[in-house]
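Visitor: Below is the file work-v4.pdb, with PDB, C-alpha atoms and all ligand atoms.
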```pdb
MODEL        1
ATOM      1  CA  MET A   1       2.384 -34.010   5.180
ATOM      2  CA  VAL A   2       0.227 -34.480   8.245
ATOM      3  CA  ILE A   3       2.483 -34.081  11.261
ATOM      4  CA  SER A   4       0.177 -35.293  13.963
ATOM      5  CA  SER A   5      -3.352 -36.546  14.173
ATOM      6  CA  ASP A   6      -3.815 -34.658  17.400
ATOM      7  CA  GLU A   7      -3.361 -31.048  16.442
ATOM      8  CA  GLU A   8      -3.050 -29.499  19.871
ATOM      9  CA  GLU A   9      -0.480 -32.059  20.994
ATOM     10  CA  GLY A  10       1.142 -31.740  17.606
ATOM     11  CA  TYR A  11       2.385 -28.229  18.011
ATOM     12  CA  ILE A  12       3.175 -28.563  21.712
ATOM     13  CA  SER A  13       5.476 -31.518  21.094
ATOM     14  CA  GLU A  14       7.071 -29.717  18.151
ATOM     15  CA  GLU A  15       7.733 -26.754  20.367
ATOM     16  CA  LEU A  16       9.504 -29.000  22.863
ATOM     17  CA  VAL A  17      11.609 -30.562  20.134
ATOM     18  CA  ASP A  18      12.515 -27.085  18.889
ATOM     19  CA  LYS A  19      13.594 -25.996  22.351
ATOM     20  CA  CYS A  20      15.784 -29.072  22.839
ATOM     21  CA  ILE A  21      17.757 -28.626  19.627
ATOM     22  CA  SER A  22      18.034 -24.851  19.530
ATOM     23  CA  ASP A  23      21.564 -23.515  19.422
ATOM     24  CA  ASP A  24      23.012 -20.791  17.220
ATOM     25  CA  ASP A  25      24.925 -22.986  14.761
ATOM     26  CA  LYS A  26      21.954 -25.185  14.273
ATOM     27  CA  SER A  27      19.712 -22.210  13.767
ATOM     28  CA  GLU A  28      21.795 -20.757  10.908
ATOM     29  CA  GLU A  29      22.044 -24.132   9.264
ATOM     30  CA  GLU A  30      18.292 -24.607   9.592
ATOM     31  CA  LEU A  31      17.528 -21.161   8.218
ATOM     32  CA  ARG A  32      19.420 -21.859   5.031
ATOM     33  CA  LYS A  33      17.438 -24.932   4.225
ATOM     34  CA  TYR A  34      13.940 -23.475   4.475
ATOM     35  CA  PRO A  35      12.241 -21.466   1.746
ATOM     36  CA  GLU A  36      11.465 -17.894   2.705
ATOM     37  CA  PHE A  37       8.218 -16.251   1.793
ATOM     38  CA  ASP A  38       8.669 -13.744  -1.024
ATOM     39  CA  GLU A  39       7.313 -10.493   0.414
ATOM     40  CA  ASN A  40       7.228  -8.907  -3.015
ATOM     41  CA  ALA A  41       5.146 -11.646  -4.626
ATOM     42  CA  THR A  42       2.257  -9.998  -6.427
ATOM     43  CA  PHE A  43      -1.295 -11.286  -6.325
ATOM     44  CA  GLY A  44      -1.491 -14.595  -8.189
ATOM     45  CA  GLU A  45       2.226 -15.311  -7.617
ATOM     46  CA  VAL A  46       1.881 -16.099  -3.915
ATOM     47  CA  GLN A  47       3.259 -19.563  -3.187
ATOM     48  CA  LEU A  48       2.839 -21.535   0.021
ATOM     49  CA  GLN A  49       5.079 -24.425   1.030
ATOM     50  CA  LEU A  50       5.718 -26.700   3.967
ATOM     51  CA  HIS A  51       8.529 -25.234   6.157
ATOM     52  CA  MET A  52       8.179 -21.833   4.523
ATOM     53  CA  LEU A  53       9.366 -19.029   6.812
ATOM     54  CA  PHE A  54       7.383 -15.863   7.512
ATOM     55  CA  PRO A  55       8.686 -12.780   9.381
ATOM     56  CA  ASN A  56       5.281 -12.357  11.058
ATOM     57  CA  LEU A  57       1.784 -13.833  11.179
ATOM     58  CA  ILE A  58       0.126 -10.829   9.544
ATOM     59  CA  MET A  59       2.126 -11.598   6.423
ATOM     60  CA  PHE A  60       1.250 -15.269   6.690
ATOM     61  CA  LYS A  61      -2.490 -14.512   6.934
ATOM     62  CA  LYS A  62      -2.259 -12.126   4.003
ATOM     63  CA  ALA A  63      -0.453 -14.771   1.945
ATOM     64  CA  VAL A  64      -3.060 -17.439   2.781
ATOM     65  CA  THR A  65      -5.864 -15.038   1.827
ATOM     66  CA  TYR A  66      -4.237 -13.985  -1.473
ATOM     67  CA  TYR A  67      -3.429 -17.591  -2.328
ATOM     68  CA  ASN A  68      -6.992 -18.835  -1.781
ATOM     69  CA  ILE A  69      -8.669 -15.918  -3.518
ATOM     70  CA  SER A  70      -6.405 -16.392  -6.531
ATOM     71  CA  ILE A  71      -7.393 -20.059  -6.816
ATOM     72  CA  GLY A  72     -11.073 -19.370  -6.028
ATOM     73  CA  ARG A  73     -11.290 -21.265  -2.735
ATOM     74  CA  VAL A  74     -12.862 -20.307   0.590
ATOM     75  CA  PHE A  75     -11.124 -20.948   3.919
ATOM     76  CA  LYS A  76     -11.459 -19.994   7.570
ATOM     77  CA  PHE A  77      -8.943 -19.324  10.321
ATOM     78  CA  VAL A  78      -9.626 -21.908  13.007
ATOM     79  CA  LYS A  79      -6.810 -20.822  15.283
ATOM     80  CA  ASN A  80      -5.517 -17.322  15.279
ATOM     81  CA  ASP A  81      -3.370 -15.899  18.085
ATOM     82  CA  ASN A  82       0.032 -14.259  18.590
ATOM     83  CA  GLU A  83       1.976 -17.487  18.186
ATOM     84  CA  ARG A  84       0.062 -19.594  15.724
ATOM     85  CA  VAL A  85      -2.434 -19.430  12.909
ATOM     86  CA  ARG A  86      -4.253 -22.363  11.362
ATOM     87  CA  ALA A  87      -6.443 -22.090   8.263
ATOM     88  CA  LYS A  88      -8.744 -24.801   6.884
ATOM     89  CA  CYS A  89     -10.878 -25.108   3.763
ATOM     90  CA  ARG A  90     -14.538 -24.280   4.349
ATOM     91  CA  SER A  91     -15.798 -26.945   1.931
ATOM     92  CA  GLU A  92     -16.984 -30.117   3.544
ATOM     93  CA  GLY A  93     -14.760 -33.087   2.746
ATOM     94  CA  CYS A  94     -11.817 -30.989   1.549
ATOM     95  CA  LYS A  95      -8.767 -31.531   3.757
ATOM     96  CA  TRP A  96      -6.815 -28.447   2.661
ATOM     97  CA  GLU A  97      -5.106 -26.958   5.678
ATOM     98  CA  ILE A  98      -2.107 -24.847   6.597
ATOM     99  CA  PHE A  99      -0.582 -24.191  10.005
ATOM    100  CA  CYS A 100       2.087 -21.627  10.862
ATOM    101  CA  PHE A 101       3.766 -21.478  14.240
ATOM    102  CA  TRP A 102       6.703 -19.711  15.917
ATOM    103  CA  SER A 103       9.880 -21.783  15.642
ATOM    104  CA  ASN A 104      12.510 -21.466  18.319
ATOM    105  CA  VAL A 105      15.090 -23.059  16.075
ATOM    106  CA  VAL A 106      14.964 -20.486  13.336
ATOM    107  CA  LYS A 107      13.497 -17.689  15.496
ATOM    108  CA  THR A 108      10.741 -16.883  13.089
ATOM    109  CA  PHE A 109       7.334 -18.213  12.007
ATOM    110  CA  LYS A 110       7.378 -21.445  10.039
ATOM    111  CA  VAL A 111       4.746 -23.469   8.173
ATOM    112  CA  LYS A 112       4.621 -26.687  10.190
ATOM    113  CA  LYS A 113       1.779 -28.373   8.417
ATOM    114  CA  PHE A 114       0.473 -28.018   4.902
ATOM    115  CA  VAL A 115      -2.172 -30.328   3.459
ATOM    116  CA  GLU A 116      -2.837 -29.633  -0.209
ATOM    117  CA  PRO A 117      -4.206 -29.361  -2.796
ATOM    118  CA  HIS A 118      -7.839 -28.457  -2.329
ATOM    119  CA  THR A 119     -10.030 -31.363  -3.410
ATOM    120  CA  CYS A 120     -13.093 -29.096  -3.475
ATOM    121  CA  ALA A 121     -14.302 -27.414  -6.656
ATOM    122  CA  ARG A 122     -13.290 -23.892  -7.566
ATOM    123  CA  GLY A 123     -16.133 -21.536  -6.659
ATOM    124  CA  PHE A 124     -17.563 -19.386  -9.437
ATOM    125  CA  LYS A 125     -18.234 -16.534  -7.018
ATOM    126  CA  ASN A 126     -15.283 -15.708  -4.830
ATOM    127  CA  LYS A 127     -16.812 -15.486  -1.368
ATOM    128  CA  GLN A 128     -13.387 -15.028   0.250
ATOM    129  CA  ALA A 129     -13.117 -11.684  -1.505
ATOM    130  CA  ASN A 130     -15.234  -9.864   1.072
ATOM    131  CA  LYS A 131     -15.901  -6.141   1.338
ATOM    132  CA  LYS A 132     -12.893  -5.506   3.566
ATOM    133  CA  TRP A 133     -10.478  -7.371   1.306
ATOM    134  CA  LEU A 134     -11.847  -5.722  -1.838
ATOM    135  CA  ALA A 135     -11.632  -2.265  -0.241
ATOM    136  CA  THR A 136      -8.044  -2.873   0.901
ATOM    137  CA  GLN A 137      -7.084  -3.786  -2.649
ATOM    138  CA  LEU A 138      -8.689  -0.580  -3.953
ATOM    139  CA  VAL A 139      -7.090   1.944  -1.616
ATOM    140  CA  ASP A 140      -3.867   2.613  -3.570
ATOM    141  CA  GLU A 141      -5.740   2.640  -6.844
ATOM    142  CA  LEU A 142      -8.298   5.151  -5.542
ATOM    143  CA  ARG A 143      -5.604   7.412  -4.170
ATOM    144  CA  SER A 144      -4.034   7.557  -7.624
ATOM    145  CA  TYR A 145      -7.310   7.751  -9.566
ATOM    146  CA  PRO A 146      -9.989   9.268  -7.311
ATOM    147  CA  THR A 147     -12.436   9.414 -10.217
ATOM    148  CA  MET A 148     -12.518   5.624 -10.716
ATOM    149  CA  SER A 149     -16.051   4.526 -11.620
ATOM    150  CA  ALA A 150     -17.800   1.311 -10.583
ATOM    151  CA  HIS A 151     -17.161   0.001 -14.087
ATOM    152  CA  ASP A 152     -13.425   0.837 -13.858
ATOM    153  CA  THR A 153     -13.341  -0.966 -10.514
ATOM    154  CA  PHE A 154     -15.039  -4.056 -11.937
ATOM    155  CA  GLU A 155     -12.559  -4.115 -14.829
ATOM    156  CA  TRP A 156      -9.608  -3.570 -12.450
ATOM    157  CA  PHE A 157     -10.554  -6.599 -10.323
ATOM    158  CA  LYS A 158     -11.100  -8.712 -13.425
ATOM    159  CA  ARG A 159      -7.758  -7.743 -14.871
ATOM    160  CA  TYR A 160      -5.476  -7.513 -11.841
ATOM    161  CA  ARG A 161      -7.101  -9.924  -9.415
ATOM    162  CA  GLY A 162      -8.726 -12.355 -11.834
ATOM    163  CA  ILE A 163     -12.094 -12.160 -10.113
ATOM    164  CA  HIS A 164     -15.570 -11.093 -11.159
ATOM    165  CA  VAL A 165     -17.118  -8.982  -8.425
ATOM    166  CA  ASP A 166     -20.874  -8.430  -8.150
ATOM    167  CA  ASP A 167     -22.155  -4.868  -8.580
ATOM    168  CA  TYR A 168     -23.462  -4.565  -5.031
ATOM    169  CA  LYS A 169     -20.092  -5.692  -3.681
ATOM    170  CA  ILE A 170     -18.278  -3.191  -5.901
ATOM    171  CA  TYR A 171     -20.330  -0.300  -4.525
ATOM    172  CA  ARG A 172     -19.885  -1.367  -0.912
ATOM    173  CA  ALA A 173     -16.138  -1.898  -1.349
ATOM    174  CA  MET A 174     -15.743   1.460  -3.116
ATOM    175  CA  ARG A 175     -17.579   3.237  -0.305
ATOM    176  CA  LEU A 176     -15.333   1.631   2.322
ATOM    177  CA  ALA A 177     -12.168   2.318   0.299
ATOM    178  CA  LYS A 178     -13.173   5.992  -0.066
ATOM    179  CA  THR A 179     -13.669   6.251   3.695
ATOM    180  CA  ILE A 180     -10.194   4.781   4.219
ATOM    181  CA  VAL A 181      -8.617   7.179   1.694
ATOM    182  CA  GLU A 182     -10.380  10.181   3.249
ATOM    183  CA  GLY A 183      -9.187   9.026   6.669
ATOM    184  CA  PHE A 184      -5.585   8.996   5.411
ATOM    185  CA  GLU A 185      -5.983  12.437   3.943
ATOM    186  CA  LYS A 186      -7.494  13.970   7.052
ATOM    187  CA  LEU A 187      -4.752  12.425   9.144
ATOM    188  CA  HIS A 188      -2.063  13.819   6.861
ATOM    189  CA  TYR A 189      -3.761  17.184   6.784
ATOM    190  CA  HIS A 190      -3.638  17.370  10.567
ATOM    191  CA  LYS A 191      -0.010  16.268  10.536
ATOM    192  CA  LEU A 192       0.626  19.130   8.154
ATOM    193  CA  TRP A 193      -0.702  21.613  10.695
ATOM    194  CA  ASP A 194       1.586  20.134  13.370
ATOM    195  CA  TYR A 195       4.478  20.290  10.949
ATOM    196  CA  CYS A 196       3.846  23.964  10.182
ATOM    197  CA  GLU A 197       3.515  24.749  13.861
ATOM    198  CA  GLU A 198       6.879  23.077  14.480
ATOM    199  CA  LEU A 199       8.504  25.016  11.636
ATOM    200  CA  ARG A 200       7.175  28.290  12.992
ATOM    201  CA  ARG A 201       8.369  27.377  16.473
ATOM    202  CA  ARG A 202      11.880  26.512  15.303
ATOM    203  CA  ASN A 203      12.283  29.330  12.854
ATOM    204  CA  SER A 204      10.525  32.496  13.879
ATOM    205  CA  ASN A 205      12.001  34.416  10.918
ATOM    206  CA  SER A 206      10.433  32.115   8.398
ATOM    207  CA  THR A 207       7.768  33.687   6.251
ATOM    208  CA  PHE A 208       6.431  30.217   5.661
ATOM    209  CA  GLY A 209       2.688  30.285   6.092
ATOM    210  CA  LEU A 210      -0.331  28.047   6.069
ATOM    211  CA  GLN A 211      -3.474  29.920   5.281
ATOM    212  CA  GLY A 212      -6.943  28.865   4.348
ATOM    213  CA  TYR A 213      -9.201  26.152   5.634
ATOM    214  CA  TYR A 214      -9.912  22.500   5.192
ATOM    215  CA  GLY A 215     -11.566  21.949   1.840
ATOM    216  CA  GLY A 216      -9.351  24.409  -0.045
ATOM    217  CA  GLN A 217      -6.524  23.510  -2.386
ATOM    218  CA  LEU A 218      -3.141  22.447  -1.158
ATOM    219  CA  LEU A 219      -0.150  24.052  -2.842
ATOM    220  CA  SER A 220       3.253  22.622  -2.097
ATOM    221  CA  ALA A 221       6.876  22.781  -3.152
ATOM    222  CA  VAL A 222       9.280  19.872  -2.773
ATOM    223  CA  ALA A 223      13.012  19.786  -3.372
ATOM    224  CA  GLN A 224      15.475  16.987  -4.036
ATOM    225  CA  ASP A 225      18.797  16.655  -2.223
ATOM    226  CA  ASP A 226      22.074  15.052  -3.349
ATOM    227  CA  ASN A 227      20.889  11.677  -2.077
ATOM    228  CA  GLN A 228      17.867  11.837  -4.387
ATOM    229  CA  HIS A 229      15.552  12.261  -1.398
ATOM    230  CA  PHE A 230      12.542  14.506  -1.762
ATOM    231  CA  TYR A 231      11.493  16.825   1.018
ATOM    232  CA  VAL A 232       8.736  19.373   1.405
ATOM    233  CA  ILE A 233       9.969  22.937   1.640
ATOM    234  CA  ALA A 234       6.694  24.861   1.545
ATOM    235  CA  VAL A 235       2.977  24.187   1.732
ATOM    236  CA  ALA A 236      -0.036  26.448   1.690
ATOM    237  CA  VAL A 237      -3.764  25.970   1.534
ATOM    238  CA  VAL A 238      -5.634  28.361  -0.734
ATOM    239  CA  GLU A 239      -9.259  28.756  -1.647
ATOM    240  CA  GLN A 240      -8.580  27.759  -5.228
ATOM    241  CA  GLU A 241      -5.709  27.354  -7.642
ATOM    242  CA  SER A 242      -5.212  30.374  -9.831
ATOM    243  CA  ARG A 243      -2.505  32.640 -11.184
ATOM    244  CA  ASP A 244      -3.005  34.891  -8.152
ATOM    245  CA  THR A 245      -2.713  32.192  -5.506
ATOM    246  CA  TRP A 246       0.315  30.628  -7.231
ATOM    247  CA  SER A 247       1.928  34.086  -7.510
ATOM    248  CA  TRP A 248       1.385  34.621  -3.803
ATOM    249  CA  PHE A 249       2.824  31.159  -3.024
ATOM    250  CA  LEU A 250       5.847  31.635  -5.303
ATOM    251  CA  THR A 251       6.564  35.121  -3.992
ATOM    252  CA  ASN A 252       6.715  33.752  -0.439
ATOM    253  CA  LEU A 253       8.741  30.723  -1.519
ATOM    254  CA  LEU A 254      11.299  32.758  -3.483
ATOM    255  CA  GLY A 255      11.542  35.185  -0.570
ATOM    256  CA  ASP A 256      12.731  32.254   1.544
ATOM    257  CA  ILE A 257      14.877  30.272  -0.867
ATOM    258  CA  GLY A 258      16.180  33.171  -2.981
ATOM    259  CA  GLN A 259      15.312  34.460  -6.427
ATOM    260  CA  TYR A 260      15.669  32.476  -9.650
ATOM    261  CA  SER A 261      18.064  35.087 -11.092
ATOM    262  CA  ASP A 262      20.515  34.420  -8.232
ATOM    263  CA  ASN A 263      20.104  30.644  -7.904
ATOM    264  CA  GLY A 264      19.025  29.282 -11.281
ATOM    265  CA  TRP A 265      16.211  27.068  -9.970
ATOM    266  CA  ASN A 266      14.630  24.351 -12.113
ATOM    267  CA  PHE A 267      10.900  23.761 -11.812
ATOM    268  CA  ILE A 268       8.935  20.572 -12.375
ATOM    269  CA  SER A 269       5.169  20.725 -11.983
ATOM    270  CA  ASN A 270       1.997  18.915 -12.901
ATOM    271  CA  GLN A 271       0.500  21.620 -15.079
ATOM    272  CA  GLN A 272      -1.576  23.239 -12.351
ATOM    273  CA  LYS A 273      -3.943  25.978 -13.306
ATOM    274  CA  GLY A 274      -2.253  29.367 -13.172
ATOM    275  CA  LEU A 275       1.181  28.094 -12.171
ATOM    276  CA  LYS A 276       2.723  28.475 -15.622
ATOM    277  CA  LEU A 277       1.639  32.110 -15.858
ATOM    278  CA  ALA A 278       2.807  32.844 -12.318
ATOM    279  CA  LEU A 279       6.220  31.275 -13.045
ATOM    280  CA  GLU A 280       6.648  33.233 -16.280
ATOM    281  CA  GLU A 281       5.854  36.411 -14.391
ATOM    282  CA  LEU A 282       8.083  35.816 -11.332
ATOM    283  CA  CYS A 283      10.895  33.715 -12.813
ATOM    284  CA  PRO A 284      11.120  34.709 -16.472
ATOM    285  CA  GLY A 285      13.222  32.233 -18.443
ATOM    286  CA  ALA A 286      13.324  29.606 -15.679
ATOM    287  CA  PRO A 287      13.368  25.978 -16.958
ATOM    288  CA  HIS A 288       9.932  24.449 -16.366
ATOM    289  CA  ARG A 289       9.161  20.820 -17.117
ATOM    290  CA  ASN A 290       6.131  18.608 -16.601
ATOM    291  CA  CYS A 291       6.178  15.733 -14.173
ATOM    292  CA  VAL A 292       6.157  12.439 -16.098
ATOM    293  CA  LEU A 293       3.917  10.758 -13.524
ATOM    294  CA  HIS A 294       1.280  13.443 -13.968
ATOM    295  CA  ILE A 295       1.450  13.283 -17.745
ATOM    296  CA  TRP A 296       0.861   9.549 -17.427
ATOM    297  CA  ARG A 297      -2.044  10.021 -15.001
ATOM    298  CA  ASN A 298      -3.707  12.629 -17.189
ATOM    299  CA  PHE A 299      -3.299  10.297 -20.129
ATOM    300  CA  TYR A 300      -4.750   7.424 -18.134
ATOM    301  CA  SER A 301      -7.792   9.352 -16.963
ATOM    302  CA  LYS A 302      -8.443  10.447 -20.544
ATOM    303  CA  TYR A 303      -8.051   7.071 -22.259
ATOM    304  CA  LYS A 304      -8.664   4.622 -19.414
ATOM    305  CA  ASN A 305      -6.584   2.051 -21.228
ATOM    306  CA  MET A 306      -3.381   1.047 -19.487
ATOM    307  CA  ASP A 307      -2.025  -0.770 -22.572
ATOM    308  CA  LEU A 308      -1.745   2.445 -24.543
ATOM    309  CA  THR A 309       0.667   3.817 -21.975
ATOM    310  CA  LYS A 310       3.155   0.975 -22.253
TER     311      LYS A 310
HETATM  312 ZN    ZN B 401     -10.913 -26.949  -0.377
ENDMDL
END
```
Take the structure in the file and give it back as structure tokens.

Guide:
Amino acid sequence: MVISSDEEEGYISEELVDKCISDDDKSEEELRKYPEFDENATFGEVQLQLHMLFPNLIMFKKAVTYYNISIGRVFKFVKNDNERVRAKCRSEGCKWEIFCFWSNVVKTFKVKKFVEPHTCARGFKNKQANKKWLATQLVDELRSYPTMSAHDTFEWFKRYRGIHVDDYKIYRAMRLAKTIVEGFEKLHYHKLWDYCEELRRRNSNSTFGLQGYYGGQLLSAVAQDDNQHFYVIAVAVVEQESRDTWSWFLTNLLGDIGQYSDNGWNFISNQQKGLKLALEELCPGAPHRNCVLHIWRNFYSKYKNMDLTK
């Protein structure tokens, strides 16, 4: 599998060969014969192969990282620029290596060299799973379950990533992941202000309002169109969720979209405090269902056992 003993010359000469044989017919023919990286491969399913095609190097680096963490090996990127990335095993004596480089023939990134398998021993502690990687893995989870404990996090990595993470690493990764999540939220909160400003600018008759301050509760209403797309129709920030604040929100909302008695609205909510009472008061008899996702989340946070939900 080794293409050239001289690595630098190796990819330069390959580039020249690529340039000489590149024409459109050839390129389509070539594309068909190479395996494409499966972007949807979940952790543990990531496969690497010689000649595998990648749409970009970020995806390649992610795949190499996932692959090595899942098999408990430690590697380093020895070359890493806009056109090429080379990764080698960190263990002395192990020749594992992978090299991905832009191909002019197929107009995408291609694995040009792959030396496997690792001849080194699987490490008990997964050093490749550093704070940044661990935190990145946690972000989606934390956004869904902000109350995740260190123990939950340890169990999550064991179960879904097959790795045992030390306590001190768990805490550091959780702290970083929380910072990332808060960053997202602040960013979205500011976007919300811009969005409201734009709505006010475009529609001066709108009674749509954003009141309150950062740190309050966000109330929102979304609607679904014929194409099954969801869109936000109203948001408000209130000091706290209660029957009064929901009544105020609903009164404004119904003033804009029309009353239930005239339009027959259906409501789906996540059992917020006070909303049910406010709905009964303002839209008596209106159909009101609970959001399945929220029922599932509430169930999860109560029982902490994903199997029970299946
Ligand atoms: Zn190795």

Visitor: As AutoDock Vina command-line options, please report the centre and edge lengths, rounded to one decimal in Å, of the axis-aligned box that holds all listed atoms of range 166-181 of chain A with 3 Å of padding on each of the six sides.

Guide:
```
--center_x -16.0 --center_y -0.6 --center_z -2.2 --size_x 20.8 --size_y 21.6 --size_z 18.8
```

Visitor: Between A:Leu176, A:Leu219, A:Ala87, A:Leu57, which residue has the minimum interatomic distance to ligand ZN 401 (chain B), considering all atoms listed in the file?

Guide: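 Under the stated criterion, the closest residue is A:Ala87.
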
Visitor: Which is closest to ligand ZN 401 (chain B) among A:Thr42, A:Thr119, A:Asn56, A:Asn82, if we use only C-alpha atoms and all ligand atoms?

Guide: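 Ranked by minimum distance to ligand ZN 401 (chain B), first place goes to A:Thr119.
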
Visitor: Extract, using all atoms listed in the file, all DNA, RNA and protein residues at most 12 Å from Met59 in chain A, discarding same-chain residues fewer than 3 positions from it, and format them as a list in words.

Guide: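 Contacts, in chain order: Glu36, Phe37, Asp38, Glu39, Asn40, Ala41, Val46, Leu48, Leu53, Phe54, Pro55, Asn56, Lys62, Ala63, Val64, Thr65, Tyr66, Tyr67, Val85, Cys100, Phe109 and Lys110 of chain A.
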
Visitor: List as a Markdown table every residue of chain A that is in contact with ligand ZN 401 (chain B), defined as an atom at most 6 Å from one of its atoms (using all atoms listed in the file), together with the nearest atom pair and the distance in Å rounded to one decimal, sorted by chain and then rising number.

Guide:
```
| residue | atom | partner | partner_atom | distance |
| --- | --- | --- | --- | --- |
| A:Cys89 | CA | B:ZN401 | ZN | 4.5 |
| A:Ser91 | CA | B:ZN401 | ZN | 5.4 |
| A:Cys94 | CA | B:ZN401 | ZN | 4.6 |
| A:Trp96 | CA | B:ZN401 | ZN | 5.3 |
| A:His118 | CA | B:ZN401 | ZN | 3.9 |
| A:Thr119 | CA | B:ZN401 | ZN | 5.4 |
| A:Cys120 | CA | B:ZN401 | ZN | 4.4 |
```

Visitor: List the residues matched by the PyMOL selection byres (((chain A and resi 99) around 8) and not hetatm) in the displayed structure as a list in words, ordered by chain and then by residue number.

Guide: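 Taken over the shown coordinates, the PyMOL selection byres (((chain A and resi 99) around 8) and not hetatm) returns Arg84, Val85, Arg86, Ala87, Glu97, Ile98, Cys100, Phe101, Val111, Lys112, Lys113 and Phe114 of chain A.
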
Visitor: Counting all atoms listed in the file, figure out which residue out of A:Leu250, A:Lys88, A:Tyr171, A:Tyr260 gets nearest to Arg73 in chain A.

Guide: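 Closest to Arg73 in chain A of all the choices is A:Lys88.
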
Visitor: Carefully work through the PyMOL selection byres (((chain A and resi 154-157) around 12) and not hetatm) for this structure and note down the residues it includes, as a CSV table (one decimal) with C-alpha atoms, keeping the file's coordinate frame.

Guide:
```csv
chain,number,residue,atom,x,y,z
A,43,PHE,CA,-1.3,-11.3,-6.3
A,69,ILE,CA,-8.7,-15.9,-3.5
A,70,SER,CA,-6.4,-16.4,-6.5
A,126,ASN,CA,-15.3,-15.7,-4.8
A,129,ALA,CA,-13.1,-11.7,-1.5
A,133,TRP,CA,-10.5,-7.4,1.3
A,134,LEU,CA,-11.8,-5.7,-1.8
A,135,ALA,CA,-11.6,-2.3,-0.2
A,137,GLN,CA,-7.1,-3.8,-2.6
A,138,LEU,CA,-8.7,-0.6,-4.0
A,141,GLU,CA,-5.7,2.6,-6.8
A,142,LEU,CA,-8.3,5.2,-5.5
A,145,TYR,CA,-7.3,7.8,-9.6
A,148,MET,CA,-12.5,5.6,-10.7
A,149,SER,CA,-16.1,4.5,-11.6
A,150,ALA,CA,-17.8,1.3,-10.6
A,151,HIS,CA,-17.2,0.0,-14.1
A,152,ASP,CA,-13.4,0.8,-13.9
A,153,THR,CA,-13.3,-1.0,-10.5
A,158,LYS,CA,-11.1,-8.7,-13.4
A,159,ARG,CA,-7.8,-7.7,-14.9
A,160,TYR,CA,-5.5,-7.5,-11.8
A,161,ARG,CA,-7.1,-9.9,-9.4
A,162,GLY,CA,-8.7,-12.4,-11.8
A,163,ILE,CA,-12.1,-12.2,-10.1
A,164,HIS,CA,-15.6,-11.1,-11.2
A,165,VAL,CA,-17.1,-9.0,-8.4
A,166,ASP,CA,-20.9,-8.4,-8.2
A,167,ASP,CA,-22.2,-4.9,-8.6
A,168,TYR,CA,-23.5,-4.6,-5.0
A,169,LYS,CA,-20.1,-5.7,-3.7
A,170,ILE,CA,-18.3,-3.2,-5.9
A,171,TYR,CA,-20.3,-0.3,-4.5
A,173,ALA,CA,-16.1,-1.9,-1.3
A,174,MET,CA,-15.7,1.5,-3.1
A,304,LYS,CA,-8.7,4.6,-19.4
A,305,ASN,CA,-6.6,2.1,-21.2
A,306,MET,CA,-3.4,1.0,-19.5
```

Visitor: Enumerate, as a PyMOL selection string, the residues matched when the PyMOL selection byres (((chain A and resi 235) around 6) and not hetatm) is run on the file above.

Guide: chain A and resi 219-220+234+236

Visitor: So how many Å separate CA of Ile233 in chain A and CA of Gly255 in chain A, to one decimal?

Guide: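 Separating CA of Ile233 in chain A from CA of Gly255 in chain A is a distance of 12.5 Å.
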
Visitor: When you look at Gly274 in chain A with a cut-off of 12 Å (counting all atoms listed in the file), what residues show up, excluding the ones that are within fewer than 6 positions of it in the same chain? I need them as a ChimeraX atom specification.

Guide: /A:219,240-250,280-281
